[in-house]
Amino acid sequence: MEKSLELVQNHLQKGADLRKTVSEQLSESILQAALVLSDCVENGGKLLICGNGGSAADAQHFAAEFVGRLQRNRPALPAVALSTDTSILTAVANDFSIEHVFKRQVEALGQSNDALVSISTSGNSKNVSRAVHAAKAKKMHTVALLGKSGGELLQLNDYSIVVPSDSSQLIQEIHISIIHMWCELIENIIYPL
C-alpha cells in the first residue's frame, strides 16, 4: 500500500512540476496559437483536428468543446475530429494505407481559411504528418500539440507547442489542459462577455 501511495504522490508531483514548466515556457505560444485559431473561426473557417490513440480522444474532446461549449452558452463553433468516422478510417486504411486516413479527409474537407490542429505525443505520427502536408497544400493554418522532442512535426507546422517531457501520459495531461485553455480563450475572444 505504501508503494502505491508513493506512486500516486510521485505522479501528481511530476504533473505539477511539468505544469509549472509549461506555464513558464509556453504561455505565450499557447496564447499565440489561440489567437490564430480564433482568427480562423472569426473569418468563416473551421478546425480539423487529428491524432492517434489518446491524441485521437483529445481531438474528439476538443471538437466536442468547440461545437458544444466549455463554460457558457454561446453559438456553436465549427470543428471536426478526423478520427471519428470509422467508415472513412477503415476504407482509406484498407484502400490506401493507415498513413492516408487524415490526409484524405483534409483533402476532402479542408479550405484555405481552415486550420488543422494535429496532436501527437511523439511528433512522429506518419498519418498526422501527411495531414499537415495536405493542409499546407490547401494553404490552411497548421497548429500542433506535441511532446518529447517535437519529432518531425515540429518543423512542419506554423505553430508547434512542445510539452517538454518524455512521459506520454504527462504530455497528454498537459495537452488536454491546453485544449481547455484554447477553448476558453477562443470563447472569450469571439463572444466577449
# chains A, B, ... in the order shown; residues from 1 in each chain; ligands from 1
$ residues_around --residues "segment 22-29 of chain A" --least-positions-apart "6" --cutoff "12 Å" --atoms "only C-alpha atoms" --output "ChimeraX atom specification"
/A:15-16,35-36,143-145,147,158-165,170-171,173-175,177-178,181-182
$ residues_around --residues "Asp85 of chain A" --least-positions-apart "4" --cutoff "12 Å" --atoms "only C-alpha atoms" --output "count of residues only"
12
$ select_by_dssp --residues "segment 118-175 of chain A" --states "helix (DSSP H, G or I)" --output "list in words"
Lys126, Asn127, Val128, Ser129, Arg130, Ala131, Val132, His133, Ala134, Ala135, Lys136, Ala137, Leu153, Leu154, Gln155, Leu156, Ser168, Gln169, Leu170, Ile171, Gln172, Glu173, Ile174 and His175 of chain A
$ closest_residue --among "A:His11, A:Arg69, A:His133, A:Lys138" --to "Leu109 of chain A" --atoms "only C-alpha atoms"
A:Lys138
$ select_by_dssp --residues "chain A" --states "strand (DSSP E)" --output "PyMOL selection string"
chain A and resi 47-51+79-81+115-120+141-147+159-163
$ write_last_selection --atoms "N, CA, C and O atoms" --output "compact mmCIF listing (two decimals), in the first residue's frame"
# COMPACT_ATOMS: atom_id res chain seq x y z
N LEU A 47 -12.04 24.19 -37.63
CA LEU A 47 -10.88 23.42 -37.18
C LEU A 47 -11.06 21.98 -37.60
O LEU A 47 -12.12 21.38 -37.39
N LEU A 48 -10.04 21.41 -38.22
CA LEU A 48 -9.94 19.97 -38.45
C LEU A 48 -8.87 19.49 -37.48
O LEU A 48 -7.78 20.07 -37.41
N ILE A 49 -9.18 18.44 -36.70
CA ILE A 49 -8.31 18.05 -35.60
C ILE A 49 -7.99 16.56 -35.74
O ILE A 49 -8.90 15.75 -35.95
N CYS A 50 -6.71 16.20 -35.61
CA CYS A 50 -6.37 14.79 -35.75
C CYS A 50 -5.30 14.36 -34.77
O CYS A 50 -4.53 15.17 -34.26
N GLY A 51 -5.29 13.06 -34.50
CA GLY A 51 -4.31 12.43 -33.62
C GLY A 51 -4.63 10.95 -33.53
O GLY A 51 -5.70 10.51 -33.96
N ALA A 79 -15.88 22.64 -35.69
CA ALA A 79 -14.70 21.79 -35.53
C ALA A 79 -15.08 20.35 -35.86
O ALA A 79 -16.20 19.92 -35.56
N VAL A 80 -14.14 19.62 -36.46
CA VAL A 80 -14.35 18.23 -36.82
C VAL A 80 -13.14 17.42 -36.37
O VAL A 80 -12.00 17.75 -36.73
N ALA A 81 -13.38 16.37 -35.59
CA ALA A 81 -12.32 15.44 -35.23
C ALA A 81 -12.22 14.40 -36.34
O ALA A 81 -13.20 13.71 -36.64
N ALA A 115 -8.12 25.65 -40.22
CA ALA A 115 -6.88 25.30 -39.52
C ALA A 115 -6.88 23.82 -39.21
O ALA A 115 -7.92 23.25 -38.86
N LEU A 116 -5.73 23.20 -39.37
CA LEU A 116 -5.53 21.82 -38.93
C LEU A 116 -4.81 21.86 -37.59
O LEU A 116 -3.76 22.48 -37.47
N VAL A 117 -5.40 21.20 -36.60
CA VAL A 117 -4.75 21.05 -35.31
C VAL A 117 -4.33 19.58 -35.20
O VAL A 117 -5.17 18.69 -35.23
N SER A 118 -3.04 19.35 -35.15
CA SER A 118 -2.54 17.98 -35.03
C SER A 118 -2.01 17.76 -33.62
O SER A 118 -1.39 18.65 -33.03
N ILE A 119 -2.29 16.57 -33.10
CA ILE A 119 -1.91 16.22 -31.73
C ILE A 119 -1.10 14.93 -31.78
O ILE A 119 -1.56 13.92 -32.31
N SER A 120 0.12 14.98 -31.23
CA SER A 120 0.98 13.80 -31.24
C SER A 120 1.98 13.90 -30.11
O SER A 120 2.73 14.87 -30.03
N HIS A 141 -3.91 27.08 -42.06
CA HIS A 141 -3.04 27.26 -40.90
C HIS A 141 -2.83 25.88 -40.26
O HIS A 141 -3.74 25.06 -40.26
N THR A 142 -1.65 25.66 -39.70
CA THR A 142 -1.39 24.39 -39.02
C THR A 142 -0.83 24.67 -37.63
O THR A 142 0.10 25.45 -37.47
N VAL A 143 -1.44 24.03 -36.65
CA VAL A 143 -1.06 24.17 -35.25
C VAL A 143 -0.88 22.77 -34.69
O VAL A 143 -1.70 21.89 -34.95
N ALA A 144 0.18 22.55 -33.93
CA ALA A 144 0.44 21.22 -33.37
C ALA A 144 0.64 21.27 -31.87
O ALA A 144 1.27 22.18 -31.34
N LEU A 145 0.09 20.24 -31.21
CA LEU A 145 0.38 19.95 -29.81
C LEU A 145 1.26 18.72 -29.81
O LEU A 145 0.83 17.64 -30.25
N LEU A 146 2.50 18.87 -29.33
CA LEU A 146 3.48 17.80 -29.41
C LEU A 146 4.09 17.53 -28.05
O LEU A 146 3.80 18.23 -27.08
N GLY A 147 4.97 16.54 -28.01
CA GLY A 147 5.71 16.23 -26.80
C GLY A 147 7.10 15.75 -27.17
O GLY A 147 7.49 15.80 -28.34
N TYR A 159 2.66 26.66 -36.12
CA TYR A 159 2.77 26.85 -34.67
C TYR A 159 2.85 25.48 -34.01
O TYR A 159 1.95 24.67 -34.18
N SER A 160 3.93 25.24 -33.30
CA SER A 160 4.12 23.96 -32.60
C SER A 160 4.35 24.23 -31.12
O SER A 160 5.22 25.02 -30.76
N ILE A 161 3.55 23.58 -30.30
CA ILE A 161 3.72 23.67 -28.85
C ILE A 161 4.21 22.31 -28.38
O ILE A 161 3.49 21.31 -28.50
N VAL A 162 5.43 22.27 -27.88
CA VAL A 162 6.06 21.02 -27.48
C VAL A 162 6.11 20.96 -25.96
O VAL A 162 6.80 21.75 -25.31
N VAL A 163 5.38 20.01 -25.40
CA VAL A 163 5.39 19.81 -23.94
C VAL A 163 6.72 19.12 -23.60
O VAL A 163 7.01 18.03 -24.11
$ closest_residue --among "A:Asn188, A:Gln32, A:Gly44, A:His180" --to "Glu65 of chain A" --atoms "only C-alpha atoms"
A:His180
$ atom_distance --atom1 "atom CA of Met140 of chain A" --atom2 "atom CA of Asp114 of chain A"
5.4 Å
$ atom_distance --atom1 "atom CA of Ile98 of chain A" --atom2 "atom CA of Gly68 of chain A"
29.4 Å
$ closest_residue --among "A:Ser4, A:Ser83, A:Ser97, A:Ser167" --to "Ala59 of chain A" --atoms "only C-alpha atoms"
A:Ser83
$ closest_residue --among "A:Asn113, A:Val8, A:Asn52, A:Gln169" --to "Leu37 of chain A" --atoms "only C-alpha atoms"
A:Asn113
$ residues_around --residues "Arg130 of chain A" --least-positions-apart "4" --cutoff "10 Å" --atoms "only C-alpha atoms" --output "ChimeraX atom specification"
/A:99-104,106,125-126,134-136,153
$ write_last_selection --atoms "C-alpha atoms" --output "mmCIF file, in the first residue's frame"
data_model
loop_
_atom_site.group_PDB
_atom_site.id
_atom_site.type_symbol
_atom_site.label_atom_id
_atom_site.label_comp_id
_atom_site.auth_asym_id
_atom_site.auth_seq_id
_atom_site.Cartn_x
_atom_site.Cartn_y
_atom_site.Cartn_z
ATOM 1 C CA GLU A 99 -0.861 6.779 -43.306
ATOM 2 C CA HIS A 100 -3.540 8.371 -45.511
ATOM 3 C CA VAL A 101 -6.566 8.372 -43.167
ATOM 4 C CA PHE A 102 -6.242 12.025 -42.094
ATOM 5 C CA LYS A 103 -4.692 13.309 -45.325
ATOM 6 C CA ARG A 104 -7.665 12.213 -47.404
ATOM 7 C CA VAL A 106 -8.073 17.160 -45.118
ATOM 8 C CA SER A 125 2.977 10.044 -36.499
ATOM 9 C CA LYS A 126 3.150 9.456 -40.252
ATOM 10 C CA ALA A 134 -2.173 18.194 -47.234
ATOM 11 C CA ALA A 135 -3.219 21.201 -45.129
ATOM 12 C CA LYS A 136 -0.181 23.172 -46.306
ATOM 13 C CA LEU A 153 6.013 17.546 -36.884
#
